[in-house]
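Undergrad: Handing you a structure now.
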Amino acid sequence: MRDKARFLFPFTVVAVGVALVVALVGFMEGVFMGMIDMTANLDSGHLRLVNKAFYDEEHLRPLDRSLANQQETHDWLVKHSSMQVDWAPRIRWGAILDVPDEKGETRSQTPVMGMAMDLKSPNSREIERLRLKSSLVEGDLPKGFNEMLMGVQLAEVLGISVGQSVTLMGQSFDGGMVADNYQVSGLVRFGVSAMDKKMVLIDLVDAQNTFYMEDMVTDWLGYFPPSTDLDDYEELKESMRTGLADWIPHPKDWAKDDAPIILSIRDQQNIGAIMDKFRVIKGFVVGIFTFLMVLVLWNAGILSGIHRYGEMGLRLAFGEPHWRLILTLAIEGLWIGFLGSVAGSLVGGSFAWYLQEVGLNMGDSFAQSGLMINDVVRARVTTDGFVQGIVPGIFASVAGTLVASMAIFQRSEANLFRELEAG
Amino acid sequence: MSETLITLERVCKLYQVGEENFTALNDVSLEVGNGAFMSFVGPSGSGKTTLLNLIGGLDRPTTGSVLFKGRRLENMSREELAAYRRENIGFIFQTYNLLPVYSVYENVLFPLILNGQKESQVRKRVEEMVAKVGLADQMNKKPAQLSGGQCQRVAIARALVKDPMLILADEPTANLDSENSRQILELMQELNHEYKAAVIFSTHDERVTRYIRREVRLEDGSISWDKRRNGTEIET
């Protein structure tokens, strides 16, 4: 450390490299997990309890495959999962939406996909979860009986404004035809093109009345707090699966062929494969940075080796064994790697933390995209991010030094006098 | 007669230069006693440095043997040779080879640290040795702040601090002016007398020959004569 010429450069390389990796991993993790959380919030949950028959034909929205015994199911889920998990009941439904004119005749019609959730209970976290207040373009959230929120593009296509009545026509739980009137209380921009064009949200109780689904829901979605490790989802899923096998025969109102299953977000919509690919990409990014760091540090090691050529020769001439000289260099590399990594982690971690707390508003860029992602992109500071920065930082420093010090092994003592005199 | 420290038995050293062999040393036999104060003199390419290399365990002879107190160096492994140098040999170079980032004190301490000794145990010895070469008031200075003569004094203290049996000094006065050369040689003579370490110079410098007790002249890799101050001269 005293020799600033040989300390500062490798220290700076490690610090900058680690800072970039920590910040980049934090940012990538944040953006990716933001997408995962958005998907979970809108659609899949981190965990999901659903009837297998419903899940297999989900695109048809077969309401007759719903789960009964709402309270009993909720109690079981709370008891058999973690206290951290918030369970939210939902109904996924599909219907024809009919828009009447002034005379009550059909002006326009379109099929819509709908989601029913608890929008009116004071302790419901669904409004916050879907950021409905901030997504409202016009109107209000549903407060009264049979009110709905509609995707802003759907409203445009149908020529609907806030306050107007529409009719839902669909199939009830027991297979009969249903028609019910709703008033559009607000228009919402979900930020996801498909949802803005086709999505309608109604309150859970209203949906249960409309589709004759008293005490029934199609899904229970479980939500972990942010920054929960993805592996925790799988762990809890597995433990709940075991409990589920014992519990299935008990709910008395369930149909004989009901087979509720627990899914994690990984199991749905090919998200598991996307997550795996993300991990590979992240590994590549970290790997490339590590490789570049090794390359630069190797050169730094060579420069330092040239700078210290006399010292190395002297140490060999004075009788220091080659292996001990290399060990000393490796320990130096370790220290430089450690100190550089600490400094880099502080800088990179602070930047990532800032992006986590304040975020980066990319609303303008995302406005026209179909990505399920928040306008404000946030990084995510995780222990993994630091590990992925610090370990390669230390490794690069030691490896760079060792690669450069290979020349010491080849240095012949017989030439030392000549070399030292020349030096 | 003093006990023999170094023995060279019919030492030859050949180097491959391209496809040809170059004879650096040819059938050199020599004995160096404990406490010797001698020099190898001769023109460039006469084999002086090669001889220092062999005695210092930095190189091995092509044929013949180098013995240190009866132990054959050619039978030693690389690690054993390193230990031999660490424990028994002190080096002094023409260009001093002090470590620029270390102070005078730290440069002198350096070989003791390489020997695995702790600073707290040897601090007094290092300070004494620095004082002995007349640099007690320069203890914390860096080599860049010293004159050439002062640097060579530090190098002498560094060579002597581990109490070696033999000091190999390659052209120690070549970079110094007359006055500094004289002071250095007087200092080395005094320390040789006090510490009893044998000193072998390799030099062109005629001034050195005034101080040494034995002069071995090399020409084309062979000893041409071996002259002692007491008048004994062996011509070969």
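Naming scheme: A, B, ... for chains in displayed order of the structure tokens; residues 1 onward per chain; ligands 1 onward as shown.
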Residues of chain B were defined as contacting chain A if any atom lay at most 7 Å from it, counting only C-alpha atoms; please report them as a ChimeraX atom specification.

TA: /B:53,58-59,79,82-83,85-86,93-95,97,99,101,111,114

Undergrad: List the spatial neighbours of Leu112 (chain B) as JSON, numbers by chain - criterion: any atom at most 12 Å away, only C-alpha atoms, same-chain residues fewer than 2 positions off excluded.

TA: {"A": [315, 318, 319, 320], "B": [86, 87, 90, 105, 106, 107, 108, 109, 110, 114, 115, 116, 117, 118, 119, 120, 121, 122, 123, 125, 126, 157, 158, 159, 160, 161, 162, 163, 164]}

Undergrad: Could you please take those selected residues and save C-alpha atoms as a CSV table (one decimal), in the first residue's frame?

TA:
```
chain,number,residue,atom,x,y,z
A,315,ARG,CA,14.5,-11.3,-3.0
A,318,PHE,CA,18.7,-13.1,-1.0
A,319,GLY,CA,17.3,-16.6,-0.8
A,320,GLU,CA,13.5,-16.2,-0.8
B,86,ARG,CA,19.5,-16.8,3.0
B,87,GLU,CA,21.5,-18.1,5.9
B,90,GLY,CA,25.3,-11.3,1.9
B,105,TYR,CA,16.0,1.1,8.5
B,106,GLU,CA,13.5,-1.0,6.5
B,107,ASN,CA,16.1,-1.8,3.8
B,108,VAL,CA,18.5,-3.1,6.4
B,109,LEU,CA,15.7,-5.0,8.1
B,110,PHE,CA,14.6,-6.6,4.9
B,114,LEU,CA,13.0,-12.8,4.7
B,115,ASN,CA,14.7,-15.1,7.2
B,116,GLY,CA,11.5,-15.2,9.2
B,117,GLN,CA,12.6,-13.0,12.1
B,118,LYS,CA,10.2,-10.6,13.7
B,119,GLU,CA,10.9,-6.9,13.6
B,120,SER,CA,10.5,-6.5,17.4
B,121,GLN,CA,13.3,-9.1,18.0
B,122,VAL,CA,15.8,-7.5,15.6
B,123,ARG,CA,15.1,-3.8,15.8
B,125,ARG,CA,20.4,-5.1,15.8
B,126,VAL,CA,19.2,-3.2,12.7
B,157,ALA,CA,24.6,-2.8,6.5
B,158,ARG,CA,22.0,-4.9,4.7
B,159,ALA,CA,24.5,-7.5,3.7
B,160,LEU,CA,26.0,-7.7,7.2
B,161,VAL,CA,22.9,-7.5,9.3
B,162,LYS,CA,22.1,-11.2,9.2
B,163,ASP,CA,25.7,-12.1,10.2
B,164,PRO,CA,26.6,-14.0,7.1
```

Undergrad: Which residues are close to region 85-90 of chain A, i.e. within 9 Å by only C-alpha atoms, leaving aside same-chain residues fewer than 5 positions away? Reply as a list in words.

TA: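 Those residues are Gly45, Leu47, Arg48, Gln70, His74, Leu77, Val78, Met115, Ala116, Met117, Asp118, Ser124, Arg125, Glu126, Leu204, Val217, Thr218, Asp219, Trp220, Leu221, Gly222, Tyr223, Phe224 and Pro225 of chain A.
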
Undergrad: Excluding same-chain residues fewer than 3 positions from Tyr195 (chain B), what lies within 12 Å of it counting only C-alpha atoms, as a list of chain:residue names?

TA: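 Listed by chain and then number, they are B:Asn34, B:Gly35, B:Ala36, B:Phe37, B:Met129, B:Lys132, B:Ala157, B:Ala159, B:Leu160, B:Val161, B:Lys162, B:Asp163, B:Pro164, B:Met165, B:Leu166, B:Ile167, B:Leu187, B:Met188, B:Gln189, B:Glu190, B:Leu191, B:Asn192, B:Ala198, B:Val199.
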